[in-house]
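Structure file start.cif; described as mmCIF, C-alpha atoms.
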data_entry
#
loop_
_atom_site.label_atom_id
_atom_site.label_comp_id
_atom_site.auth_asym_id
_atom_site.auth_seq_id
_atom_site.Cartn_x
_atom_site.Cartn_y
_atom_site.Cartn_z
CA MET S 1 -20.81 4.62 -38.25
CA THR S 2 -18.50 1.85 -39.42
CA VAL S 3 -17.04 1.61 -42.90
CA ARG S 4 -16.20 -1.51 -44.91
CA THR S 5 -13.98 -1.81 -47.98
CA HIS S 6 -14.12 -4.62 -50.51
CA ASP S 7 -10.97 -6.28 -49.15
CA GLN S 8 -11.59 -5.69 -45.45
CA ALA S 9 -13.42 -8.20 -43.29
CA GLU S 10 -13.55 -6.12 -40.14
CA PRO S 11 -15.26 -2.71 -39.83
CA ILE S 12 -13.15 0.39 -39.22
CA ARG S 13 -14.09 1.61 -35.79
CA PRO S 14 -13.87 5.29 -34.86
CA ARG S 15 -10.76 6.07 -32.88
CA VAL S 16 -11.29 6.64 -29.15
CA ARG S 17 -9.20 9.35 -27.51
CA PHE S 18 -7.64 8.30 -24.20
CA ASN S 19 -7.19 11.26 -21.87
CA PRO S 20 -6.67 10.28 -18.21
CA PHE S 21 -6.21 13.94 -17.24
CA SER S 22 -9.71 15.10 -18.16
CA ALA S 23 -12.33 16.05 -15.58
CA GLU S 24 -14.77 13.67 -17.26
CA PHE S 25 -12.37 10.73 -16.84
CA ARG S 26 -11.82 11.68 -13.21
CA ARG S 27 -15.57 11.69 -12.53
CA ASP S 28 -16.17 8.33 -14.22
CA PRO S 29 -13.47 6.52 -16.23
CA TYR S 30 -15.52 3.40 -16.90
CA PRO S 31 -17.42 4.46 -20.07
CA LEU S 32 -14.08 5.32 -21.69
CA TYR S 33 -12.55 2.04 -20.57
CA ARG S 34 -15.50 0.22 -22.16
CA GLN S 35 -15.03 2.06 -25.46
CA LEU S 36 -11.30 1.33 -25.46
CA ARG S 37 -11.81 -2.39 -24.73
CA GLU S 38 -14.26 -2.64 -27.61
CA ALA S 39 -12.46 -0.46 -30.19
CA GLN S 40 -8.77 -0.20 -29.24
CA PRO S 41 -7.92 -2.65 -26.45
CA VAL S 42 -4.20 -2.35 -27.28
CA HIS S 43 -3.12 0.97 -28.75
CA LYS S 44 -0.32 3.50 -28.52
CA THR S 45 -0.96 7.05 -27.37
CA LEU S 46 0.77 9.67 -25.22
CA GLY S 47 4.06 7.89 -25.90
CA MET S 48 2.98 4.57 -24.37
CA TRP S 49 0.97 1.43 -25.04
CA VAL S 50 -2.40 1.37 -23.26
CA LEU S 51 -3.96 -1.97 -22.27
CA THR S 52 -7.56 -2.32 -21.11
CA ARG S 53 -8.45 -6.03 -21.33
CA HIS S 54 -8.11 -8.29 -18.30
CA SER S 55 -6.08 -10.94 -20.14
CA ASP S 56 -3.58 -8.41 -21.52
CA VAL S 57 -3.21 -6.54 -18.23
CA ARG S 58 -2.77 -9.74 -16.24
CA GLY S 59 -0.31 -11.08 -18.80
CA VAL S 60 1.95 -8.03 -18.61
CA LEU S 61 1.84 -7.96 -14.79
CA HIS S 62 2.77 -11.65 -14.73
CA ASP S 63 5.54 -11.39 -17.33
CA ARG S 64 8.81 -10.46 -15.60
CA SER S 65 10.25 -9.13 -18.85
CA PHE S 66 8.00 -6.10 -18.29
CA GLY S 67 10.02 -4.33 -15.61
CA ALA S 68 8.73 -2.21 -12.74
CA GLY S 69 11.78 0.06 -12.53
CA LEU S 70 10.44 2.76 -14.81
CA ILE S 71 9.46 5.26 -12.11
CA PRO S 72 12.98 5.68 -10.60
CA ARG S 73 14.32 6.31 -14.10
CA LEU S 74 11.62 8.90 -14.78
CA VAL S 75 12.39 10.61 -11.46
CA GLY S 76 16.01 11.02 -12.54
CA GLU S 77 15.04 12.24 -16.01
CA GLN S 78 12.53 14.76 -14.66
CA ALA S 79 15.06 16.03 -12.10
CA GLU S 80 17.63 16.53 -14.84
CA ARG S 81 15.08 18.23 -17.09
CA LEU S 82 14.24 20.69 -14.30
CA GLY S 83 17.88 21.21 -13.30
CA GLN S 84 17.38 19.69 -9.86
CA GLN S 85 20.42 18.70 -7.81
CA ASN S 86 20.86 16.63 -4.65
CA VAL S 87 18.22 14.05 -5.60
CA ALA S 88 20.39 11.01 -4.81
CA ARG S 89 18.37 9.99 -1.76
CA ILE S 90 15.00 10.02 -3.53
CA GLU S 91 16.51 8.15 -6.48
CA ARG S 92 17.75 5.47 -4.05
CA LEU S 93 14.31 5.39 -2.42
CA GLY S 94 12.86 4.53 -5.82
CA ARG S 95 15.51 1.98 -6.73
CA LYS S 96 15.27 0.23 -3.35
CA SER S 97 11.48 0.22 -3.00
CA LEU S 98 9.71 -3.10 -3.55
CA VAL S 99 7.18 -1.41 -5.81
CA PHE S 100 9.87 -0.40 -8.30
CA THR S 101 12.53 -3.11 -8.10
CA ASP S 102 13.10 -6.05 -10.40
CA ASN S 103 15.03 -9.23 -9.73
CA PRO S 104 17.48 -9.95 -8.23
CA ASP S 105 16.94 -6.93 -5.92
CA HIS S 106 13.21 -7.53 -5.68
CA ALA S 107 13.55 -11.20 -4.74
CA ARG S 108 16.06 -10.35 -2.03
CA LEU S 109 14.08 -7.48 -0.50
CA ARG S 110 10.72 -9.25 -0.74
CA GLY S 111 12.19 -12.40 0.79
CA LEU S 112 13.24 -10.41 3.85
CA VAL S 113 10.12 -8.25 4.19
CA ASN S 114 7.76 -11.19 3.64
CA ARG S 115 9.07 -12.74 6.85
CA VAL S 116 7.35 -9.93 8.73
CA PHE S 117 4.37 -9.08 6.49
CA THR S 118 2.68 -12.45 6.96
CA ALA S 119 -1.03 -13.23 6.89
CA ARG S 120 -0.80 -14.13 10.58
CA ALA S 121 0.88 -10.83 11.46
CA VAL S 122 -1.85 -8.88 9.66
CA ALA S 123 -4.60 -10.96 11.30
CA ASP S 124 -3.07 -10.17 14.68
CA LEU S 125 -3.65 -6.47 13.94
CA ARG S 126 -7.43 -6.91 13.93
CA PRO S 127 -7.90 -5.71 17.55
CA LEU S 128 -5.74 -2.65 16.83
CA VAL S 129 -7.64 -1.77 13.64
CA ALA S 130 -10.97 -2.30 15.43
CA ARG S 131 -9.92 -0.05 18.31
CA VAL S 132 -8.76 2.77 16.03
CA THR S 133 -11.91 2.47 13.90
CA GLU S 134 -14.16 2.52 16.95
CA ASP S 135 -12.40 5.61 18.33
CA LEU S 136 -12.91 7.43 15.05
CA MET S 137 -16.52 6.31 14.75
CA ARG S 138 -17.39 7.22 18.34
CA ARG S 139 -16.49 10.83 17.64
CA ALA S 140 -18.70 10.72 14.55
CA TRP S 141 -21.65 9.25 16.44
CA ASN S 142 -21.37 11.98 19.04
CA ALA S 143 -21.38 14.60 16.30
CA GLY S 144 -24.23 12.96 14.37
CA GLY S 145 -22.35 12.99 11.08
CA LEU S 146 -19.17 11.84 9.45
CA ASP S 147 -16.98 12.73 6.53
CA VAL S 148 -16.02 9.21 5.50
CA ILE S 149 -12.83 10.42 3.83
CA THR S 150 -11.34 13.00 6.19
CA GLU S 151 -12.60 11.57 9.49
CA LEU S 152 -12.32 7.81 8.88
CA ALA S 153 -10.66 6.63 5.66
CA ALA S 154 -7.70 9.05 5.79
CA PRO S 155 -6.69 8.84 9.48
CA LEU S 156 -7.27 5.09 9.83
CA PRO S 157 -4.33 3.70 7.78
CA VAL S 158 -1.88 6.32 9.05
CA THR S 159 -2.86 5.68 12.67
CA VAL S 160 -2.69 1.90 12.26
CA LEU S 161 0.79 2.02 10.69
CA CYS S 162 2.04 4.45 13.34
CA GLU S 163 0.77 2.07 16.05
CA TRP S 164 2.24 -1.01 14.34
CA MET S 165 5.62 0.72 14.08
CA ALA S 166 5.20 2.18 17.60
CA LEU S 167 6.32 5.59 16.36
CA PRO S 168 6.75 8.30 18.99
CA GLY S 169 3.93 10.79 19.38
CA ASP S 170 5.74 13.82 17.99
CA LEU S 171 6.60 11.92 14.81
CA ARG S 172 3.03 10.69 14.27
CA GLU S 173 1.72 14.19 13.71
CA ARG S 174 4.12 14.72 10.79
CA VAL S 175 3.75 11.37 9.03
CA GLY S 176 0.49 12.21 7.23
CA PRO S 177 1.72 15.44 5.57
CA TRP S 178 5.08 13.84 4.77
CA THR S 179 3.36 10.91 3.11
CA HIS S 180 1.22 13.19 0.97
CA ASP S 181 4.31 15.05 -0.27
CA ILE S 182 6.39 11.93 -0.99
CA ARG S 183 3.65 10.30 -3.04
CA PHE S 184 4.52 12.79 -5.83
CA LEU S 185 7.36 10.37 -6.64
CA LEU S 186 4.80 7.88 -7.96
CA GLU S 187 4.03 10.30 -10.82
CA PRO S 188 7.33 12.07 -11.57
CA GLY S 189 6.11 13.52 -14.86
CA LEU S 190 3.75 15.78 -12.88
CA MET S 191 6.49 17.11 -10.60
CA LYS S 192 7.61 20.73 -10.82
CA ALA S 193 10.88 22.14 -9.51
CA GLU S 194 9.29 23.15 -6.21
CA ASP S 195 7.88 19.63 -5.82
CA PHE S 196 11.37 18.16 -6.08
CA THR S 197 12.67 20.61 -3.51
CA ARG S 198 9.88 19.73 -1.08
CA VAL S 199 10.05 15.96 -1.62
CA CYS S 200 13.84 15.89 -1.18
CA ALA S 201 13.54 17.83 2.07
CA VAL S 202 10.70 15.64 3.36
CA VAL S 203 12.49 12.36 2.56
CA GLU S 204 15.55 13.60 4.45
CA GLU S 205 13.41 14.65 7.44
CA PHE S 206 11.51 11.36 7.45
CA ALA S 207 14.69 9.26 7.10
CA THR S 208 16.48 11.19 9.85
CA ALA S 209 13.54 10.76 12.22
CA LEU S 210 13.41 7.02 11.51
CA ASP S 211 17.19 6.76 12.06
CA GLY S 212 16.52 7.77 15.64
CA VAL S 213 13.72 5.22 15.98
CA LEU S 214 16.01 2.45 14.68
CA ALA S 215 18.69 3.34 17.21
CA GLU S 216 16.15 3.23 20.03
CA ARG S 217 14.73 -0.15 18.88
CA ARG S 218 18.19 -1.68 18.73
CA SER S 219 18.69 -0.88 22.38
CA GLN S 220 15.12 -1.69 23.41
CA PRO S 221 13.47 -4.02 20.88
CA GLY S 222 9.76 -4.72 21.12
CA ALA S 223 7.03 -6.54 19.20
CA ASP S 224 6.49 -3.66 16.76
CA LEU S 225 7.06 -3.78 12.99
CA ILE S 226 10.38 -1.93 13.08
CA SER S 227 11.82 -4.20 15.77
CA ARG S 228 10.77 -7.24 13.76
CA LEU S 229 12.31 -5.88 10.56
CA LEU S 230 15.56 -5.20 12.44
CA ALA S 231 15.61 -8.80 13.67
CA THR S 232 14.82 -10.36 10.28
CA ARG S 233 17.61 -12.39 8.70
CA THR S 234 17.78 -15.09 6.07
CA ALA S 235 19.35 -18.47 6.73
CA GLY S 236 22.51 -17.09 5.13
CA GLY S 237 22.57 -14.11 7.48
CA ASP S 238 21.39 -11.47 5.00
CA MET S 239 19.45 -8.58 6.50
CA LEU S 240 18.08 -5.18 5.53
CA SER S 241 20.50 -2.28 5.73
CA ASP S 242 19.35 0.65 7.85
CA GLU S 243 18.51 2.69 4.78
CA GLU S 244 16.62 -0.22 3.18
CA LEU S 245 14.59 -0.67 6.36
CA ILE S 246 13.83 3.04 6.50
CA PHE S 247 12.71 2.95 2.87
CA VAL S 248 10.41 0.00 3.65
CA CYS S 249 8.77 2.02 6.43
CA ILE S 250 8.39 5.14 4.28
CA MET S 251 6.88 3.19 1.39
CA CYS S 252 4.43 1.46 3.74
CA PHE S 253 2.90 4.89 4.27
CA VAL S 254 3.28 6.13 0.69
CA ALA S 255 1.89 3.00 -1.00
CA GLY S 256 -0.67 2.13 1.66
CA ASN S 257 -2.22 5.41 2.75
CA GLU S 258 -3.86 6.76 -0.43
CA THR S 259 -4.95 3.34 -1.64
CA THR S 260 -6.53 2.25 1.65
CA LYS S 261 -8.23 5.62 2.03
CA SER S 262 -9.66 5.36 -1.49
CA LEU S 263 -10.69 1.73 -1.03
CA ILE S 264 -12.80 2.67 2.00
CA GLY S 265 -14.20 5.81 0.39
CA ASN S 266 -14.99 4.21 -2.96
CA GLY S 267 -16.51 1.19 -1.25
CA VAL S 268 -18.80 3.26 0.97
CA LEU S 269 -19.84 5.32 -2.04
CA ALA S 270 -20.72 2.14 -3.95
CA LEU S 271 -22.87 0.96 -1.03
CA LEU S 272 -24.58 4.35 -0.78
CA ARG S 273 -25.36 4.25 -4.51
CA HIS S 274 -26.66 0.67 -4.26
CA PRO S 275 -29.04 0.66 -1.28
CA ASP S 276 -30.18 -2.89 -2.09
CA GLN S 277 -26.61 -4.11 -1.54
CA ALA S 278 -26.26 -2.03 1.62
CA ALA S 279 -29.49 -3.56 2.94
CA LEU S 280 -28.14 -7.01 2.08
CA LEU S 281 -24.98 -6.29 4.04
CA ARG S 282 -27.02 -5.21 7.06
CA ARG S 283 -29.06 -8.41 6.90
CA ARG S 284 -26.04 -10.61 6.31
CA PRO S 285 -23.01 -9.10 8.10
CA ALA S 286 -20.91 -12.10 7.08
CA LEU S 287 -20.85 -10.57 3.57
CA VAL S 288 -18.52 -7.80 4.73
CA ARG S 289 -15.52 -9.62 3.31
CA ALA S 290 -17.32 -10.00 -0.02
CA ALA S 291 -18.17 -6.28 0.09
CA VAL S 292 -14.47 -5.40 0.30
CA VAL S 293 -13.54 -7.71 -2.57
CA GLU S 294 -16.35 -6.34 -4.73
CA ALA S 295 -15.37 -2.75 -3.88
CA LEU S 296 -11.83 -3.51 -5.03
CA ARG S 297 -13.13 -4.87 -8.33
CA TYR S 298 -15.89 -2.34 -8.92
CA ASP S 299 -13.96 0.89 -8.29
CA CYS S 300 -10.33 0.09 -7.48
CA PRO S 301 -8.16 2.75 -5.83
CA LEU S 302 -5.11 2.28 -8.09
CA GLN S 303 -6.49 2.64 -11.59
CA LEU S 304 -3.31 2.71 -13.65
CA THR S 305 0.26 1.51 -13.35
CA LYS S 306 3.22 1.42 -15.72
CA ARG S 307 5.67 -1.21 -16.90
CA LEU S 308 8.74 -1.02 -19.15
CA ALA S 309 9.29 -3.62 -21.87
CA THR S 310 12.79 -5.04 -21.51
CA ARG S 311 12.51 -7.14 -24.68
CA ASP S 312 10.43 -7.18 -27.83
CA ALA S 313 7.00 -8.71 -27.32
CA ASP S 314 3.70 -9.22 -29.14
CA ILE S 315 0.36 -8.30 -27.57
CA ASP S 316 -2.70 -9.08 -29.67
CA GLY S 317 -0.73 -8.64 -32.88
CA ASN S 318 0.90 -5.39 -31.77
CA ARG S 319 4.69 -5.25 -31.69
CA ILE S 320 5.90 -3.93 -28.34
CA SER S 321 9.57 -3.00 -28.62
CA ALA S 322 12.16 -3.17 -25.86
CA GLY S 323 12.17 0.20 -24.11
CA ASP S 324 8.48 0.91 -24.74
CA GLN S 325 6.35 2.10 -21.83
CA VAL S 326 3.16 0.13 -21.16
CA LEU S 327 0.23 1.57 -19.19
CA VAL S 328 -1.93 -1.18 -17.72
CA CYS S 329 -5.45 -0.05 -16.82
CA LEU S 330 -6.39 -2.02 -13.70
CA GLY S 331 -9.77 -0.31 -13.46
CA ALA S 332 -10.61 -1.33 -17.03
CA ALA S 333 -9.46 -4.93 -16.48
CA ASN S 334 -11.72 -5.20 -13.43
CA ARG S 335 -14.78 -4.33 -15.55
CA ASP S 336 -13.96 -6.69 -18.43
CA PRO S 337 -17.12 -8.66 -19.38
CA ALA S 338 -14.91 -11.50 -20.64
CA VAL S 339 -14.10 -12.22 -16.99
CA PHE S 340 -16.92 -10.66 -14.95
CA ASP S 341 -20.60 -11.21 -15.62
CA ARG S 342 -22.54 -7.92 -15.47
CA PRO S 343 -19.27 -6.06 -14.78
CA ASP S 344 -20.86 -2.64 -14.25
CA GLU S 345 -23.12 -3.93 -11.46
CA PHE S 346 -22.06 -3.80 -7.80
CA ASP S 347 -22.97 -7.22 -6.45
CA LEU S 348 -21.91 -8.60 -3.05
CA THR S 349 -22.94 -12.12 -4.05
CA ARG S 350 -20.53 -12.21 -6.99
CA THR S 351 -18.39 -15.34 -6.89
CA ALA S 352 -16.55 -15.56 -10.22
CA GLY S 353 -13.62 -13.49 -11.46
CA ASP S 354 -10.14 -12.50 -10.40
CA HIS S 355 -9.77 -8.77 -9.79
CA LEU S 356 -6.42 -7.07 -10.36
CA ALA S 357 -6.82 -4.18 -7.92
CA PHE S 358 -3.67 -5.25 -6.07
CA GLY S 359 -1.77 -6.07 -9.23
CA HIS S 360 -0.58 -9.56 -10.01
CA GLY S 361 2.60 -11.61 -10.01
CA MET S 362 5.74 -10.79 -8.09
CA HIS S 363 4.75 -7.13 -7.67
CA GLY S 364 1.36 -7.95 -6.16
CA CYS S 365 0.62 -5.47 -3.38
CA LEU S 366 2.52 -6.34 -0.19
CA GLY S 367 0.00 -4.48 1.97
CA GLY S 368 -3.14 -5.83 0.30
CA LEU S 369 -4.19 -7.94 3.28
CA LEU S 370 -3.84 -4.99 5.65
CA ALA S 371 -5.83 -2.72 3.33
CA GLU S 372 -8.60 -5.34 3.13
CA LEU S 373 -8.65 -5.76 6.91
CA GLN S 374 -9.05 -2.02 7.48
CA ALA S 375 -11.80 -1.71 4.87
CA GLU S 376 -13.59 -4.75 6.28
CA ILE S 377 -13.66 -3.32 9.80
CA ALA S 378 -14.64 0.15 8.56
CA PHE S 379 -17.58 -1.28 6.56
CA GLU S 380 -18.57 -3.43 9.52
CA TYR S 381 -18.76 -0.48 11.89
CA LEU S 382 -20.61 1.68 9.42
CA TYR S 383 -23.23 -0.89 8.51
CA ARG S 384 -23.65 -2.82 11.76
CA HIS S 385 -23.51 -0.01 14.29
CA SER S 386 -25.19 2.85 12.44
CA GLN S 387 -28.11 3.37 10.10
CA ASP S 388 -29.71 5.96 7.87
CA LEU S 389 -26.52 6.61 5.92
CA GLU S 390 -27.37 8.99 3.11
CA LEU S 391 -25.52 10.11 0.00
CA PRO S 392 -24.97 13.88 0.10
CA ASP S 393 -26.68 16.18 -2.38
CA GLY S 394 -24.62 17.82 -5.07
CA GLU S 395 -21.77 16.68 -7.29
CA LEU S 396 -19.01 14.65 -5.70
CA GLN S 397 -15.49 16.04 -5.77
CA TRP S 398 -12.79 13.61 -6.82
CA GLN S 399 -9.17 14.17 -5.80
CA ASP S 400 -7.07 15.83 -8.48
CA HIS S 401 -3.52 15.47 -7.14
CA SER S 402 -3.06 12.10 -8.85
CA PHE S 403 -4.23 10.58 -12.10
CA ILE S 404 -3.35 6.99 -11.17
CA VAL S 405 -5.31 6.90 -7.89
CA ARG S 406 -9.09 7.26 -7.90
CA GLY S 407 -10.61 8.60 -4.70
CA LEU S 408 -12.93 11.22 -3.28
CA LYS S 409 -11.94 14.46 -1.57
CA ASN S 410 -14.92 14.29 0.79
CA LEU S 411 -17.89 12.04 1.51
CA PRO S 412 -20.11 13.48 4.27
CA VAL S 413 -22.88 11.23 5.58
CA THR S 414 -25.39 11.47 8.41
CA LEU S 415 -25.19 8.84 11.14
CA ARG S 416 -27.51 7.44 13.74
CA SER S 417 -26.16 4.78 16.06
CA VAL S 418 -28.16 1.57 16.47
CA ARG S 419 -26.43 0.71 19.75
#
Could I get this file's structure written as structure tokens?
Amino acid sequence: MTVRTHDQAEPIRPRVRFNPFSAEFRRDPYPLYRQLREAQPVHKTLGMWVLTRHSDVRGVLHDRSFGAGLIPRLVGEQAERLGQQNVARIERLGRKSLVFTDNPDHARLRGLVNRVFTARAVADLRPLVARVTEDLMRRAWNAGGLDVITELAAPLPVTVLCEWMALPGDLRERVGPWTHDIRFLLEPGLMKAEDFTRVCAVVEEFATALDGVLAERRSQPGADLISRLLATRTAGGDMLSDEELIFVCIMCFVAGNETTKSLIGNGVLALLRHPDQAALLRRRPALVRAAVVEALRYDCPLQLTKRLATRDADIDGNRISAGDQVLVCLGAANRDPAVFDRPDEFDLTRTAGDHLAFGHGMHGCLGGLLAELQAEIAFEYLYRHSQDLELPDGELQWQDHSFIVRGLKNLPVTLRSVR
């Protein structure tokens, strides 16, 4: 019920409680996003400003006065709070990672890395991604069933990156577990003392192993990603330091693994829940690219990300002070009816709208094209080479090790090859 007073033109709406840690939010955050957009699109809670409208989210991501360097600072503060020592390396990893740097560091690092992460370079990986996907799917066809998460979506991005970097076999087996541990740094407020101990040890192990790979590539360069990064220089002769290059490689896994896995899993789930759209994709395979884009909009892997206001600003009449933390809800922005017609419908023929699943502005996701390529090929193999995919009975289990990433723990389906 709304209440009006004699001098008040607008109704007083009931306050909506934002709790991203609840089991209900984990199962389905979109009803809460809708309530927040309608009642409190810009409000302060949990010590931060929460934004849920597309225009506000896009505006903050585009505005360079909202810095991305908050996470490294929070890592240091949490380490100090827990009495953790010897965290210098992980603090440097945060400060020198593209995801968390601001200019001038960001412009310098991105200018170097962009010379290698080109659209052409990603397109050239199509045969590799197709081969890895087909290998994974062949095992599933032989078994008659597939867990989309554990047997396809999780191993695919790790395997592709290991191949692109031409990592030695003994190192490949450790990359997946290492990546899972290091991703704790993306949410430092959730880290306990034992998490810091483990992450510090893993970063040192990972960096030491990559030191050896760098030495080998200097003596015997190839066409792999690491060799290309070693050879990259600006016109003025600037290049990545060894540690910066190692951090680029580590963050490729940390930033790309969970998000690509969740993109594939969430996209397949959306198709399973919308059999009319799955049937459309089977009839019109050329829509596979549209299916990936719609999956990114409809149920994006990275739901939330933070920025730090470096100057006073006004958002919809709310005074944001320098030093305030701002939580931008990408998942909410991607369902905003002001931008997307019928936003809660999964529609492969959708043409209008600009999703923010990969962020926006100078911190737009570096690996977005590679994530899209892997999802495109995974969808293609699932819906062109197999049939009778069925959604499992029972309640789905969503991962609970992160509150910013939305993805399933498991997604078993039955398969029957049409080949």
Practice item. Return the single residue from S:Leu263, S:Ile182, S:Ala375, S:Leu287 that is closest to S:Arg350, with distances computed using only C-alpha atoms. Key: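 Closest candidate: S:Leu287.
With distances taken from (0.8, -5.3, 19.3) and restricted to all atoms listed in the file, the residues inside 7 Å are S:Trp164, S:Ala223, S:Asp224.
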Check your understanding: So, counting only C-alpha atoms, which residue among S:Val413, S:Ala153, S:Leu98, S:Cys200 is closest to S:Gly367?
Key -> S:Leu98
Practice item. Compute the distance from (19.5, 3.7, 9.4) to each atom, counting only C-alpha atoms, keep the residues with any atom at most 10 Å away, and return them as a list in words; use the coordinates of the file. Key: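 Residues found, by chain and rising number: Ala207, Thr208, Ala209, Leu210, Asp211, Gly212, Val213, Leu214, Ala215, Leu240, Ser241, Asp242, Glu243, Glu244, Leu245, Ile246 and Phe247 of chain S.
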Point to revise | Exercise: S:Phe206 partners within 8 Å, all atoms listed in the file, chain neighbours under 6 positions left out, as a ChimeraX atom specification | key: /S:175,178,250
Go ahead and save the picked residues with C-alpha atoms, as a compact mmCIF listing (two decimals), keeping the file's coordinate frame.
# COMPACT_ATOMS: atom_id res chain seq x y z
CA VAL S 175 3.75 11.37 9.03
CA TRP S 178 5.08 13.84 4.77
CA ILE S 250 8.39 5.14 4.28
Point to revise | Among listed residues S:Arg406, S:Arg110, S:Arg37, S:Arg120, nearest S:Gly265 (using all atoms listed in the file) | key: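 When distances to S:Gly265 are compared using all atoms listed in the file, the smallest one comes from S:Arg406.
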Exercise for review: Would you translate the PyMOL selection byres ((chain S and resi 331-348) around 9) into the concrete set of residues it matches in this file, as a PyMOL selection string?
Suggested key: chain S and resi 29-30+32-34+36-37+51-58+270-271+274+277+280-281+287-288+290-304+328-330+349-357
Go ahead and write the residues just picked, C-alpha atoms, as a short mmCIF file (atom, residue, chain, number, x, y, z; two decimals), in the frame of the given file.
data_model
loop_
_atom_site.label_atom_id
_atom_site.label_comp_id
_atom_site.auth_asym_id
_atom_site.auth_seq_id
_atom_site.Cartn_x
_atom_site.Cartn_y
_atom_site.Cartn_z
CA PRO S 29 -13.47 6.52 -16.23
CA TYR S 30 -15.52 3.40 -16.90
CA LEU S 32 -14.08 5.32 -21.69
CA TYR S 33 -12.55 2.04 -20.57
CA ARG S 34 -15.50 0.22 -22.16
CA LEU S 36 -11.30 1.33 -25.46
CA ARG S 37 -11.81 -2.39 -24.73
CA LEU S 51 -3.96 -1.97 -22.27
CA THR S 52 -7.56 -2.32 -21.11
CA ARG S 53 -8.45 -6.03 -21.33
CA HIS S 54 -8.11 -8.29 -18.30
CA SER S 55 -6.08 -10.94 -20.14
CA ASP S 56 -3.58 -8.41 -21.52
CA VAL S 57 -3.21 -6.54 -18.23
CA ARG S 58 -2.77 -9.74 -16.24
CA ALA S 270 -20.72 2.14 -3.95
CA LEU S 271 -22.87 0.96 -1.03
CA HIS S 274 -26.66 0.67 -4.26
CA GLN S 277 -26.61 -4.11 -1.54
CA LEU S 280 -28.14 -7.01 2.08
CA LEU S 281 -24.98 -6.29 4.04
CA LEU S 287 -20.85 -10.57 3.57
CA VAL S 288 -18.52 -7.80 4.73
CA ALA S 290 -17.32 -10.00 -0.02
CA ALA S 291 -18.17 -6.28 0.09
CA VAL S 292 -14.47 -5.40 0.30
CA VAL S 293 -13.54 -7.71 -2.57
CA GLU S 294 -16.35 -6.34 -4.73
CA ALA S 295 -15.37 -2.75 -3.88
CA LEU S 296 -11.83 -3.51 -5.03
CA ARG S 297 -13.13 -4.87 -8.33
CA TYR S 298 -15.89 -2.34 -8.92
CA ASP S 299 -13.96 0.89 -8.29
CA CYS S 300 -10.33 0.09 -7.48
CA PRO S 301 -8.16 2.75 -5.83
CA LEU S 302 -5.11 2.28 -8.09
CA GLN S 303 -6.49 2.64 -11.59
CA LEU S 304 -3.31 2.71 -13.65
CA VAL S 328 -1.93 -1.18 -17.72
CA CYS S 329 -5.45 -0.05 -16.82
CA LEU S 330 -6.39 -2.02 -13.70
CA THR S 349 -22.94 -12.12 -4.05
CA ARG S 350 -20.53 -12.21 -6.99
CA THR S 351 -18.39 -15.34 -6.89
CA ALA S 352 -16.55 -15.56 -10.22
CA GLY S 353 -13.62 -13.49 -11.46
CA ASP S 354 -10.14 -12.50 -10.40
CA HIS S 355 -9.77 -8.77 -9.79
CA LEU S 356 -6.42 -7.07 -10.36
CA ALA S 357 -6.82 -4.18 -7.92
#
Check your understanding: Out of S:Ala123, S:Leu146, S:Leu230, S:Leu186, which residue has the shortest atom-to-atom distance to S:Val254 when counting all atoms listed in the file?
Key ->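 Comparing S:Ala123, S:Leu146, S:Leu230, S:Leu186 against S:Val254, the winner is S:Leu186.
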Within 12 Å of S:Asp63, counting only C-alpha atoms, which residues qualify if same-chain residues fewer than 5 places away don't, as a short mmCIF file (atom, residue, chain, number, x, y, z; two decimals) with C-alpha atoms, keeping the file's coordinate frame?
data_model
loop_
_atom_site.label_atom_id
_atom_site.label_comp_id
_atom_site.auth_asym_id
_atom_site.auth_seq_id
_atom_site.Cartn_x
_atom_site.Cartn_y
_atom_site.Cartn_z
CA SER S 55 -6.08 -10.94 -20.14
CA ASP S 56 -3.58 -8.41 -21.52
CA VAL S 57 -3.21 -6.54 -18.23
CA ARG S 58 -2.77 -9.74 -16.24
CA ALA S 68 8.73 -2.21 -12.74
CA ASP S 102 13.10 -6.05 -10.40
CA ARG S 307 5.67 -1.21 -16.90
CA LEU S 308 8.74 -1.02 -19.15
CA ALA S 309 9.29 -3.62 -21.87
CA THR S 310 12.79 -5.04 -21.51
CA ARG S 311 12.51 -7.14 -24.68
CA ALA S 313 7.00 -8.71 -27.32
CA ILE S 315 0.36 -8.30 -27.57
CA HIS S 360 -0.58 -9.56 -10.01
CA GLY S 361 2.60 -11.61 -10.01
CA MET S 362 5.74 -10.79 -8.09
CA HIS S 363 4.75 -7.13 -7.67
#
Review point. Residues at most 10 Å from S:Glu173, counting all atoms listed in the file, excluding those fewer than 6 positions away in the same chain, as a PyMOL selection string?
Key: chain S and resi 158-159+162
Review point. Excluding same-chain residues fewer than 2 positions from S:Glu194, what lies within 12 Å of it counting all atoms listed in the file, as a PyMOL selection string?
Key: chain S and resi 79+82-84+181+184+190-192+196-201
Point to revise | Nearest candidate to S:Gly323 (options S:Val203, S:Val16, S:Met48, S:Ala39; using all atoms listed in the file) | key: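 Of the candidates, the smallest distance to S:Gly323 is held by S:Met48.
Residues selected in this file by the PyMOL selection byres ((chain S and resi 103) around 12) comprise Arg64, Ser65, Phe66, Gly67, Ala68, Gly69, Arg95, Lys96, Leu98, Val99, Phe100, Thr101, Asp102, Pro104, Asp105, His106, Ala107, Arg108, Leu109, Arg110, Gly111, Met362 and His363 of chain S.
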